[in-house]
>>> print(open('coords_39.tsv').read())   # TSV, C-alpha atoms
chain	number	residue	atom	x	y	z
A	1	MET	CA	-96.74	94.32	166.77
A	2	HIS	CA	-97.87	92.61	163.62
A	3	CYS	CA	-101.18	91.54	162.17
A	4	SER	CA	-101.94	89.79	158.87
A	5	LEU	CA	-105.35	89.62	157.25
A	6	ARG	CA	-106.40	87.78	154.13
A	7	ILE	CA	-109.71	88.43	152.43
A	8	ALA	CA	-111.29	87.14	149.21
A	9	SER	CA	-111.74	89.72	146.47
A	10	GLN	CA	-115.47	90.30	146.87
A	11	LEU	CA	-117.23	93.31	148.37
A	12	SER	CA	-119.02	91.26	151.04
A	13	GLU	CA	-115.56	90.75	152.60
A	14	LEU	CA	-115.55	94.41	153.71
A	15	LYS	CA	-117.68	93.30	156.64
A	16	SER	CA	-115.07	90.72	157.62
A	17	LEU	CA	-112.35	93.38	157.28
A	18	ALA	CA	-114.26	95.69	159.65
A	19	GLU	CA	-114.74	92.86	162.16
A	20	GLN	CA	-111.06	91.95	162.09
A	21	LEU	CA	-110.16	95.60	162.65
A	22	ASP	CA	-112.53	95.67	165.65
A	23	VAL	CA	-110.47	92.93	167.25
A	24	LEU	CA	-107.19	94.67	166.37
A	25	ALA	CA	-108.36	98.05	167.69
A	26	ASP	CA	-109.14	96.38	171.02
A	27	LYS	CA	-105.75	94.70	171.15
A	28	TRP	CA	-103.85	97.86	170.18
A	29	SER	CA	-106.12	100.22	172.20
A	30	LEU	CA	-106.85	102.37	169.14
A	31	PRO	CA	-109.27	105.29	169.57
A	32	LYS	CA	-112.53	104.95	167.60
A	33	LYS	CA	-111.66	107.74	165.15
A	34	CYS	CA	-108.27	106.19	164.37
A	35	GLN	CA	-109.86	102.78	163.84
A	36	ALA	CA	-112.40	104.31	161.46
A	37	GLU	CA	-109.59	106.00	159.49
A	38	ILE	CA	-107.62	102.75	159.14
A	39	ASN	CA	-110.82	100.97	158.12
A	40	LEU	CA	-111.51	103.65	155.51
A	41	ILE	CA	-107.99	103.51	154.04
A	42	LEU	CA	-108.13	99.71	153.66
A	43	ASP	CA	-111.78	99.76	152.48
A	44	GLU	CA	-111.03	102.25	149.68
A	45	LEU	CA	-107.99	100.30	148.49
A	46	VAL	CA	-109.74	96.92	148.68
A	47	THR	CA	-112.87	98.26	146.92
A	48	ASN	CA	-110.63	99.72	144.22
A	49	ILE	CA	-108.83	96.40	143.71
A	50	ILE	CA	-112.15	94.54	143.46
A	51	GLU	CA	-113.89	97.03	141.17
A	52	HIS	CA	-110.95	97.66	138.86
A	53	GLY	CA	-108.93	94.55	138.90
A	54	ALA	CA	-108.85	91.29	140.74
A	55	ALA	CA	-111.08	88.46	139.59
A	56	GLN	CA	-113.64	87.07	142.03
A	57	GLY	CA	-112.15	84.56	144.37
A	58	GLU	CA	-108.61	85.86	144.27
A	59	TRP	CA	-107.04	86.92	147.51
A	60	ILE	CA	-106.07	90.29	148.91
A	61	ASP	CA	-103.41	90.22	151.60
A	62	ILE	CA	-103.13	92.95	154.18
A	63	ALA	CA	-100.32	93.31	156.70
A	64	LEU	CA	-100.34	95.85	159.52
A	65	VAL	CA	-97.15	96.48	161.46
A	66	ARG	CA	-97.02	98.80	164.42
A	67	GLU	CA	-93.74	100.16	165.77
A	68	GLY	CA	-94.50	102.66	168.51
A	69	GLN	CA	-96.79	105.26	166.93
A	70	LEU	CA	-95.88	104.33	163.37
A	71	LEU	CA	-98.29	102.09	161.50
A	72	THR	CA	-97.17	100.53	158.21
A	73	MET	CA	-99.86	98.96	156.05
A	74	THR	CA	-99.10	96.73	153.08
A	75	ILE	CA	-101.82	95.62	150.69
A	76	SER	CA	-101.06	93.16	147.91
A	77	ASP	CA	-103.18	91.61	145.17
A	78	ASP	CA	-102.81	89.59	141.96
A	79	GLY	CA	-104.95	91.91	139.80
A	80	PRO	CA	-103.87	94.00	136.80
A	81	ALA	CA	-101.23	96.68	137.48
A	82	PHE	CA	-102.74	99.73	139.14
A	83	ASP	CA	-100.70	102.52	140.67
A	84	ILE	CA	-102.71	104.75	143.03
A	85	SER	CA	-100.11	107.52	142.55
A	86	SER	CA	-101.29	107.79	138.95
A	87	CYS	CA	-104.85	108.78	139.96
A	88	PRO	CA	-105.65	112.44	139.32
A	89	ILE	CA	-106.36	114.41	142.50
A	90	PRO	CA	-109.99	115.58	142.54
A	91	ASP	CA	-110.64	119.30	143.09
A	92	THR	CA	-112.62	119.27	146.36
A	93	THR	CA	-113.17	123.04	146.20
A	94	LEU	CA	-115.41	122.95	143.11
A	95	PRO	CA	-119.03	124.08	143.53
A	96	LEU	CA	-121.66	121.34	143.85
A	97	ALA	CA	-122.78	121.44	140.21
A	98	LYS	CA	-119.27	120.65	139.01
A	99	ARG	CA	-118.40	117.99	141.59
A	100	CYS	CA	-118.16	114.32	140.70
A	101	CYS	CA	-117.06	111.41	142.82
A	102	GLY	CA	-114.22	110.05	140.68
A	103	GLY	CA	-110.97	109.67	142.59
A	104	LEU	CA	-112.48	110.56	145.96
A	105	GLY	CA	-111.60	107.21	147.54
A	106	ILE	CA	-107.92	107.50	146.66
A	107	HIS	CA	-107.99	111.17	147.74
A	108	LEU	CA	-109.21	110.06	151.20
A	109	VAL	CA	-106.44	107.44	151.35
A	110	ARG	CA	-103.78	110.06	150.58
A	111	LYS	CA	-105.17	112.55	153.09
A	112	LEU	CA	-105.38	110.00	155.90
A	113	THR	CA	-101.86	108.59	155.45
A	114	ASP	CA	-98.37	110.12	155.70
A	115	SER	CA	-96.87	108.30	152.71
A	116	HIS	CA	-97.72	105.76	150.04
A	117	HIS	CA	-95.56	103.73	147.68
A	118	TYR	CA	-96.49	101.43	144.85
A	119	HIS	CA	-94.49	98.48	143.51
A	120	ARG	CA	-95.28	95.85	140.93
A	121	ILE	CA	-93.37	92.72	141.91
A	122	GLY	CA	-93.81	89.21	140.49
A	123	GLY	CA	-97.24	89.97	139.00
A	124	LYS	CA	-98.49	91.50	142.23
A	125	ASN	CA	-99.53	95.04	143.11
A	126	ILE	CA	-97.96	96.02	146.41
A	127	VAL	CA	-99.01	99.25	148.08
A	128	THR	CA	-97.22	100.32	151.25
A	129	LEU	CA	-98.62	103.16	153.35
A	130	THR	CA	-97.56	104.72	156.62
A	131	LYS	CA	-99.67	106.50	159.20
A	132	THR	CA	-98.78	108.09	162.52
A	133	LEU	CA	-101.06	106.87	165.28
A	134	PRO	CA	-102.19	109.22	168.03
A	135	LYS	CA	-100.57	108.75	171.44
A	136	GLU	CA	-102.78	106.80	173.84
A	137	GLY	CA	-105.12	109.04	175.76
A	138	SER	CA	-104.84	111.89	173.24
B	1	MET	CA	-131.07	91.79	157.30
B	2	PRO	CA	-128.77	89.70	155.03
B	3	LEU	CA	-125.19	89.36	156.18
B	4	HIS	CA	-123.75	91.77	153.65
B	5	GLN	CA	-126.40	94.42	154.30
B	6	THR	CA	-124.63	96.67	156.73
B	7	MET	CA	-126.86	99.72	156.80
B	8	ASN	CA	-130.42	100.36	157.83
B	9	ALA	CA	-132.53	103.47	157.26
B	10	THR	CA	-135.67	104.30	159.23
B	11	VAL	CA	-137.95	106.82	157.58
B	12	ASN	CA	-140.19	109.30	159.42
B	13	THR	CA	-142.09	112.39	158.40
B	14	GLU	CA	-142.22	115.44	160.58
B	15	LYS	CA	-143.68	118.82	159.69
B	16	ASN	CA	-142.67	119.39	156.08
B	17	ALA	CA	-139.64	117.09	156.04
B	18	THR	CA	-138.81	113.42	155.53
B	19	ILE	CA	-136.24	112.22	158.02
B	20	PHE	CA	-133.98	109.26	157.25
B	21	ALA	CA	-132.30	107.94	160.40
B	22	LEU	CA	-129.21	106.14	159.10
B	23	GLN	CA	-127.77	103.30	161.10
B	24	GLY	CA	-124.63	101.26	160.48
B	25	ARG	CA	-122.14	101.39	157.65
B	26	LEU	CA	-122.61	103.16	154.33
B	27	ASP	CA	-119.96	101.51	152.14
B	28	SER	CA	-119.71	99.88	148.72
B	29	ASN	CA	-121.83	96.98	150.04
B	30	SER	CA	-124.75	99.02	151.27
B	31	ALA	CA	-124.62	102.11	149.02
B	32	PRO	CA	-126.31	100.55	145.93
B	33	GLN	CA	-129.31	99.36	147.96
B	34	PHE	CA	-129.56	102.70	149.79
B	35	GLU	CA	-129.48	104.56	146.48
B	36	ARG	CA	-132.37	102.39	145.22
B	37	GLU	CA	-134.37	103.28	148.36
B	38	LEU	CA	-133.78	106.93	147.53
B	39	THR	CA	-134.95	106.70	143.89
B	40	ASP	CA	-138.11	108.79	144.41
B	41	TYR	CA	-136.18	111.44	146.34
B	42	LEU	CA	-133.48	111.59	143.66
B	43	ASN	CA	-135.96	111.84	140.78
B	44	THR	CA	-138.83	113.89	142.17
B	45	PRO	CA	-138.15	115.60	145.52
B	46	ALA	CA	-141.53	116.45	147.05
B	47	GLY	CA	-140.47	117.96	150.39
B	48	HIS	CA	-137.41	118.70	152.52
B	49	LEU	CA	-135.05	115.82	153.29
B	50	VAL	CA	-133.06	115.27	156.49
B	51	PHE	CA	-130.36	112.62	157.03
B	52	ASP	CA	-129.97	111.95	160.74
B	53	CYS	CA	-126.42	110.51	160.95
B	54	HIS	CA	-126.30	110.01	164.72
B	55	ASP	CA	-126.06	106.21	164.33
B	56	LEU	CA	-124.15	106.22	161.06
B	57	ASP	CA	-120.93	104.57	162.21
B	58	TYR	CA	-119.00	104.69	158.98
B	59	ILE	CA	-119.00	106.16	155.47
B	60	SER	CA	-116.70	105.49	152.51
B	61	SER	CA	-116.46	107.16	149.10
B	62	ALA	CA	-119.21	104.82	147.84
B	63	GLY	CA	-121.53	106.37	150.44
B	64	LEU	CA	-120.35	109.88	149.56
B	65	ARG	CA	-121.38	109.24	145.96
B	66	VAL	CA	-124.99	108.70	147.10
B	67	ILE	CA	-124.88	111.81	149.29
B	68	LEU	CA	-123.50	113.84	146.36
B	69	ASN	CA	-126.32	112.67	144.09
B	70	ILE	CA	-128.91	113.64	146.71
B	71	ALA	CA	-127.28	117.06	147.23
B	72	LYS	CA	-127.37	117.65	143.47
B	73	ALA	CA	-131.03	116.57	143.20
B	74	TYR	CA	-132.03	118.98	146.00
B	75	SER	CA	-129.99	121.88	144.67
B	76	ALA	CA	-132.21	121.80	141.58
B	77	CYS	CA	-135.60	121.87	143.36
B	78	PRO	CA	-137.52	124.14	145.75
B	79	PHE	CA	-136.81	121.86	148.73
B	80	ARG	CA	-133.70	121.47	150.85
B	81	PHE	CA	-131.44	118.65	151.96
B	82	VAL	CA	-129.82	118.87	155.41
B	83	ALA	CA	-127.63	116.39	157.31
B	84	CYS	CA	-127.19	116.31	161.08
B	85	ALA	CA	-125.52	114.71	164.09
B	86	LEU	CA	-122.47	113.38	162.24
B	87	GLN	CA	-119.99	111.39	164.33
B	88	ASP	CA	-116.47	112.88	164.41
B	89	HIS	CA	-114.88	110.55	161.91
B	90	VAL	CA	-117.85	110.77	159.52
B	91	LEU	CA	-117.64	114.57	159.66
B	92	GLU	CA	-113.90	114.29	158.96
B	93	VAL	CA	-114.64	112.34	155.76
B	94	PHE	CA	-117.15	115.02	154.68
B	95	GLU	CA	-114.57	117.73	155.36
B	96	ILE	CA	-111.66	116.05	153.53
B	97	SER	CA	-113.97	115.59	150.55
B	98	GLY	CA	-115.14	119.23	150.64
B	99	PHE	CA	-118.78	118.15	151.12
B	100	ASP	CA	-119.20	120.51	154.09
B	101	SER	CA	-118.95	123.39	151.61
B	102	PHE	CA	-122.24	122.54	149.88
B	103	ILE	CA	-124.16	120.49	152.45
B	104	THR	CA	-125.75	122.13	155.47
B	105	ILE	CA	-124.72	120.18	158.56
B	106	GLU	CA	-126.63	120.69	161.80
B	107	GLY	CA	-126.16	119.32	165.31
B	108	SER	CA	-129.54	117.63	165.68
B	109	VAL	CA	-132.81	116.79	163.92
B	110	ASP	CA	-134.52	119.58	165.90
B	111	GLU	CA	-132.02	122.12	164.58
B	112	CYS	CA	-132.65	120.86	161.05
B	113	LEU	CA	-136.42	121.25	161.45
B	114	THR	CA	-135.98	124.76	162.83
B	115	GLN	CA	-133.78	125.62	159.82
B	116	LEU	CA	-136.28	124.21	157.37
B	117	THR	CA	-139.28	126.00	158.83
B	118	THR	CA	-137.45	129.35	158.85
B	119	PRO	CA	-138.00	131.03	155.50
>>> encode(input="coords_39.tsv", output="structure tokens")
Amino acid sequence: MHCSLRIASQLSELKSLAEQLDVLADKWSLPKKCQAEINLILDELVTNIIEHGAAQGEWIDIALVREGQLLTMTISDDGPAFDISSCPIPDTTLPLAKRCCGGLGIHLVRKLTDSHHYHRIGGKNIVTLTKTLPKEGS
Amino acid sequence: MPLHQTMNATVNTEKNATIFALQGRLDSNSAPQFERELTDYLNTPAGHLVFDCHDLDYISSAGLRVILNIAKAYSACPFRFVACALQDHVLEVFEISGFDSFITIEGSVDECLTQLTTP
């Protein structure tokens, strides 16, 4: 099963992303929690691309491919090179006074996926992530 | 509500606490506006603060940033900040981020109020 989404690089498009995932979750019978996780993964990556890179009006392409319980997500954009693997991992065990929010979005992406790979091809950032979906009814 | 505004907060006061009932999606679209609504609470907390998250359908790291700022503001004053009724996947985001270690999370608004009135 395959699904392609294209959104403009502006934050208001997050609403459109969520709506498109609503439709997909129905079609693929995804549990609510799983849908929210996929939404969060894509939201964090898209927000990152918009805030750190791509100019307004450029496009972000998202492809979701499901083979059994394996979901592969590919996000590509034309913005400046940015490798999520290079982000420092925040220390989530620090006491409140020492906590800051930097890197938390990418930390969530890493925790909610099984693998992530970054490639820079033909002036595009291409991030590929995999996630194991829960079995239906579980 | 403009199209991009995806979150709504209803404010009530009960006993010695202000209760924000959050509804919708707290993401990078709605977080800046929500943070502006919280300015007084961030700068000069004047009583306990409760976030009722029963109808909060979604939170991203942009929303967590606001929650972190509130938690910091209330750790430095005589009043307390408590969150309650988090949906499963919202609680999961709090846990992955380690926020459950410094934010008190209760099951319901009533439990929060009981907590806050117990010295």
>>> interface_residues(input="coords_39.tsv", of="chain A", to="chain B", cutoff="6 Å", atoms="all atoms listed in the file", output="PyMOL selection string")
chain A and resi 12+33+92+101+105
>>> closest_residue(input="coords_39.tsv", among="B:Cys77, B:Val50, B:Val11, B:Ile67", to="Gly107 (chain B)", atoms="all atoms listed in the file")
B:Val50
>>> atom_distance(input="coords_39.tsv", atom1="CA of Ala85 (chain B)", atom2="CA of Gly24 (chain B)")
14.0 Å
>>> closest_residue(input="coords_39.tsv", among="A:Ser115, A:Thr128, A:Ser76, A:Gln20", to="Val46 (chain A)", atoms="all atoms listed in the file")
A:Ser76
>>> atom_distance(input="coords_39.tsv", atom1="CA of Ile84 (chain A)", atom2="CA of Ile62 (chain A)")
16.2 Å
>>> atom_distance(input="coords_39.tsv", atom1="CA of Tyr74 (chain B)", atom2="CA of Glu37 (chain A)")
29.2 Å
>>> closest_residue(input="coords_39.tsv", among="A:Leu14, A:Asp78, A:Arg66, A:Val109", to="Lys27 (chain A)", atoms="all atoms listed in the file")
A:Arg66
>>> residues_around(input="coords_39.tsv", residues="Leu116 (chain B)", least_positions_apart="4", cutoff="9 Å", atoms="all atoms listed in the file", output="VMD selection string")
chain B and resid 16 to 17 48 79 to 80 82 111 to 112
>>> axis_aligned_box(input="coords_39.tsv", around="region 87-101 of chain B", padding_each_side="5 Å", output="lines of an AutoDock Vina configuration file")
center_x = -115.8
center_y = 117.0
center_z = 157.5
size_x = 18.3
size_y = 22.8
size_z = 23.9
>>> closest_residue(input="coords_39.tsv", among="A:Leu96, A:Leu112, A:Ile126, A:Ile41", to="Gly79 (chain A)", atoms="only C-alpha atoms")
A:Ile126
>>> residues_near_point(input="coords_39.tsv", point="(-96.5, 101.2, 154.4)", cutoff="12 Å", atoms="all atoms listed in the file", output="PyMOL selection string")
chain A and resi 41-42+62-67+70-76+113-119+126-132
>>> residues_around(input="coords_39.tsv", residues="Ala25 (chain A)", least_positions_apart="2", cutoff="12 Å", atoms="all atoms listed in the file", output="NGL selection string")
:A and (3 or 18-23 or 27-39 or 64 or 66 or 133)
>>> write_last_selection(input="coords_39.tsv", atoms="C-alpha atoms", output="mmCIF file, in the frame of the given file")
data_model
loop_
_atom_site.group_PDB
_atom_site.id
_atom_site.type_symbol
_atom_site.label_atom_id
_atom_site.label_comp_id
_atom_site.auth_asym_id
_atom_site.auth_seq_id
_atom_site.Cartn_x
_atom_site.Cartn_y
_atom_site.Cartn_z
ATOM 1 C CA CYS A 3 -101.180 91.540 162.170
ATOM 2 C CA ALA A 18 -114.260 95.690 159.650
ATOM 3 C CA GLU A 19 -114.740 92.860 162.160
ATOM 4 C CA GLN A 20 -111.060 91.950 162.090
ATOM 5 C CA LEU A 21 -110.160 95.600 162.650
ATOM 6 C CA ASP A 22 -112.530 95.670 165.650
ATOM 7 C CA VAL A 23 -110.470 92.930 167.250
ATOM 8 C CA LYS A 27 -105.750 94.700 171.150
ATOM 9 C CA TRP A 28 -103.850 97.860 170.180
ATOM 10 C CA SER A 29 -106.120 100.220 172.200
ATOM 11 C CA LEU A 30 -106.850 102.370 169.140
ATOM 12 C CA PRO A 31 -109.270 105.290 169.570
ATOM 13 C CA LYS A 32 -112.530 104.950 167.600
ATOM 14 C CA LYS A 33 -111.660 107.740 165.150
ATOM 15 C CA CYS A 34 -108.270 106.190 164.370
ATOM 16 C CA GLN A 35 -109.860 102.780 163.840
ATOM 17 C CA ALA A 36 -112.400 104.310 161.460
ATOM 18 C CA GLU A 37 -109.590 106.000 159.490
ATOM 19 C CA ILE A 38 -107.620 102.750 159.140
ATOM 20 C CA ASN A 39 -110.820 100.970 158.120
ATOM 21 C CA LEU A 64 -100.340 95.850 159.520
ATOM 22 C CA ARG A 66 -97.020 98.800 164.420
ATOM 23 C CA LEU A 133 -101.060 106.870 165.280
#
>>> decode(input="coords_39.tsv", residues="chain B", atoms="C-alpha atoms", output="CSV table (one decimal), in the first residue's frame")
chain,number,residue,atom,x,y,z
B,1,MET,CA,-11.3,30.4,14.8
B,2,PRO,CA,-9.0,31.1,11.8
B,3,LEU,CA,-8.2,28.0,9.8
B,4,HIS,CA,-4.6,27.6,11.1
B,5,GLN,CA,-5.7,28.1,14.7
B,6,THR,CA,-5.9,24.5,15.8
B,7,MET,CA,-6.1,24.8,19.6
B,8,ASN,CA,-8.6,26.4,21.9
B,9,ALA,CA,-8.3,27.0,25.7
B,10,THR,CA,-11.2,27.6,28.0
B,11,VAL,CA,-10.3,29.2,31.3
B,12,ASN,CA,-12.1,28.7,34.6
B,13,THR,CA,-11.3,29.4,38.2
B,14,GLU,CA,-12.0,27.0,41.0
B,15,LYS,CA,-11.0,27.3,44.6
B,16,ASN,CA,-7.4,28.6,44.5
B,17,ALA,CA,-6.6,27.4,41.0
B,18,THR,CA,-6.9,28.6,37.4
B,19,ILE,CA,-7.9,25.7,35.1
B,20,PHE,CA,-7.1,25.8,31.4
B,21,ALA,CA,-9.2,23.2,29.5
B,22,LEU,CA,-7.1,22.5,26.4
B,23,GLN,CA,-8.8,21.4,23.2
B,24,GLY,CA,-7.4,20.4,19.9
B,25,ARG,CA,-3.8,20.4,18.7
B,26,LEU,CA,-0.9,22.1,20.3
B,27,ASP,CA,1.7,22.2,17.5
B,28,SER,CA,4.0,24.8,15.9
B,29,ASN,CA,0.9,26.6,14.5
B,30,SER,CA,-0.9,27.0,17.8
B,31,ALA,CA,1.9,27.1,20.3
B,32,PRO,CA,3.0,30.8,19.8
B,33,GLN,CA,-0.6,32.1,20.3
B,34,PHE,CA,-1.1,29.8,23.3
B,35,GLU,CA,2.2,31.1,24.8
B,36,ARG,CA,1.0,34.7,24.4
B,37,GLU,CA,-2.3,33.8,26.2
B,38,LEU,CA,-0.1,32.5,29.1
B,39,THR,CA,2.1,35.6,29.4
B,40,ASP,CA,0.7,36.7,32.8
B,41,TYR,CA,1.0,33.2,34.1
B,42,LEU,CA,4.6,32.9,32.9
B,43,ASN,CA,5.7,36.3,34.2
B,44,THR,CA,3.7,36.6,37.5
B,45,PRO,CA,2.0,33.4,38.7
B,46,ALA,CA,-0.7,34.5,41.2
B,47,GLY,CA,-2.3,31.1,42.0
B,48,HIS,CA,-2.1,27.4,41.2
B,49,LEU,CA,-2.4,26.4,37.5
B,50,VAL,CA,-4.1,23.3,36.1
B,51,PHE,CA,-4.0,22.1,32.5
B,52,ASP,CA,-6.9,19.8,31.8
B,53,CYS,CA,-5.7,17.8,28.8
B,54,HIS,CA,-8.7,15.6,28.4
B,55,ASP,CA,-9.6,17.1,25.0
B,56,LEU,CA,-6.0,17.8,23.9
B,57,ASP,CA,-5.7,15.5,20.9
B,58,TYR,CA,-2.1,16.1,20.0
B,59,ILE,CA,1.1,17.7,21.2
B,60,SER,CA,4.4,18.2,19.4
B,61,SER,CA,7.8,19.5,20.6
B,62,ALA,CA,6.6,23.1,19.9
B,63,GLY,CA,3.8,22.5,22.5
B,64,LEU,CA,6.3,20.9,24.9
B,65,ARG,CA,8.4,24.0,24.8
B,66,VAL,CA,5.4,26.0,26.2
B,67,ILE,CA,4.7,23.4,28.9
B,68,LEU,CA,8.4,23.5,29.8
B,69,ASN,CA,8.4,27.3,30.2
B,70,ILE,CA,5.3,27.1,32.4
B,71,ALA,CA,6.8,24.3,34.6
B,72,LYS,CA,9.9,26.5,35.0
B,73,ALA,CA,7.9,29.6,35.9
B,74,TYR,CA,5.9,27.6,38.6
B,75,SER,CA,9.0,25.9,40.0
B,76,ALA,CA,10.2,29.4,41.0
B,77,CYS,CA,7.1,30.6,42.8
B,78,PRO,CA,4.9,29.6,45.8
B,79,PHE,CA,2.2,28.1,43.5
B,80,ARG,CA,2.0,24.8,41.7
B,81,PHE,CA,1.4,23.7,38.1
B,82,VAL,CA,-0.4,20.3,37.6
B,83,ALA,CA,-1.5,18.6,34.4
B,84,CYS,CA,-4.3,16.0,34.2
B,85,ALA,CA,-6.3,13.6,32.0
B,86,LEU,CA,-3.7,13.2,29.3
B,87,GLN,CA,-4.7,11.0,26.4
B,88,ASP,CA,-2.4,7.9,25.9
B,89,HIS,CA,-0.4,9.3,23.0
B,90,VAL,CA,0.0,12.7,24.7
B,91,LEU,CA,1.3,11.0,27.8
B,92,GLU,CA,3.7,9.0,25.7
B,93,VAL,CA,5.2,12.2,24.3
B,94,PHE,CA,5.6,13.6,27.9
B,95,GLU,CA,7.3,10.3,28.9
B,96,ILE,CA,9.7,10.1,26.0
B,97,SER,CA,10.7,13.7,26.7
B,98,GLY,CA,11.2,13.0,30.4
B,99,PHE,CA,8.5,15.7,31.3
B,100,ASP,CA,6.8,13.2,33.6
B,101,SER,CA,9.8,13.5,35.9
B,102,PHE,CA,9.1,17.1,36.8
B,103,ILE,CA,5.4,17.7,36.1
B,104,THR,CA,2.8,16.3,38.4
B,105,ILE,CA,0.2,14.4,36.2
B,106,GLU,CA,-3.2,13.5,37.7
B,107,GLY,CA,-6.1,11.6,36.4
B,108,SER,CA,-8.7,14.3,36.6
B,109,VAL,CA,-9.3,18.0,37.5
B,110,ASP,CA,-10.9,16.9,40.8
B,111,GLU,CA,-7.7,15.0,41.7
B,112,CYS,CA,-5.7,18.1,40.9
B,113,LEU,CA,-7.8,20.3,43.1
B,114,THR,CA,-7.5,17.8,45.9
B,115,GLN,CA,-3.7,17.8,45.5
B,116,LEU,CA,-3.6,21.5,45.5
B,117,THR,CA,-5.7,22.0,48.6
B,118,THR,CA,-3.7,19.5,50.5
B,119,PRO,CA,-0.8,21.3,52.2
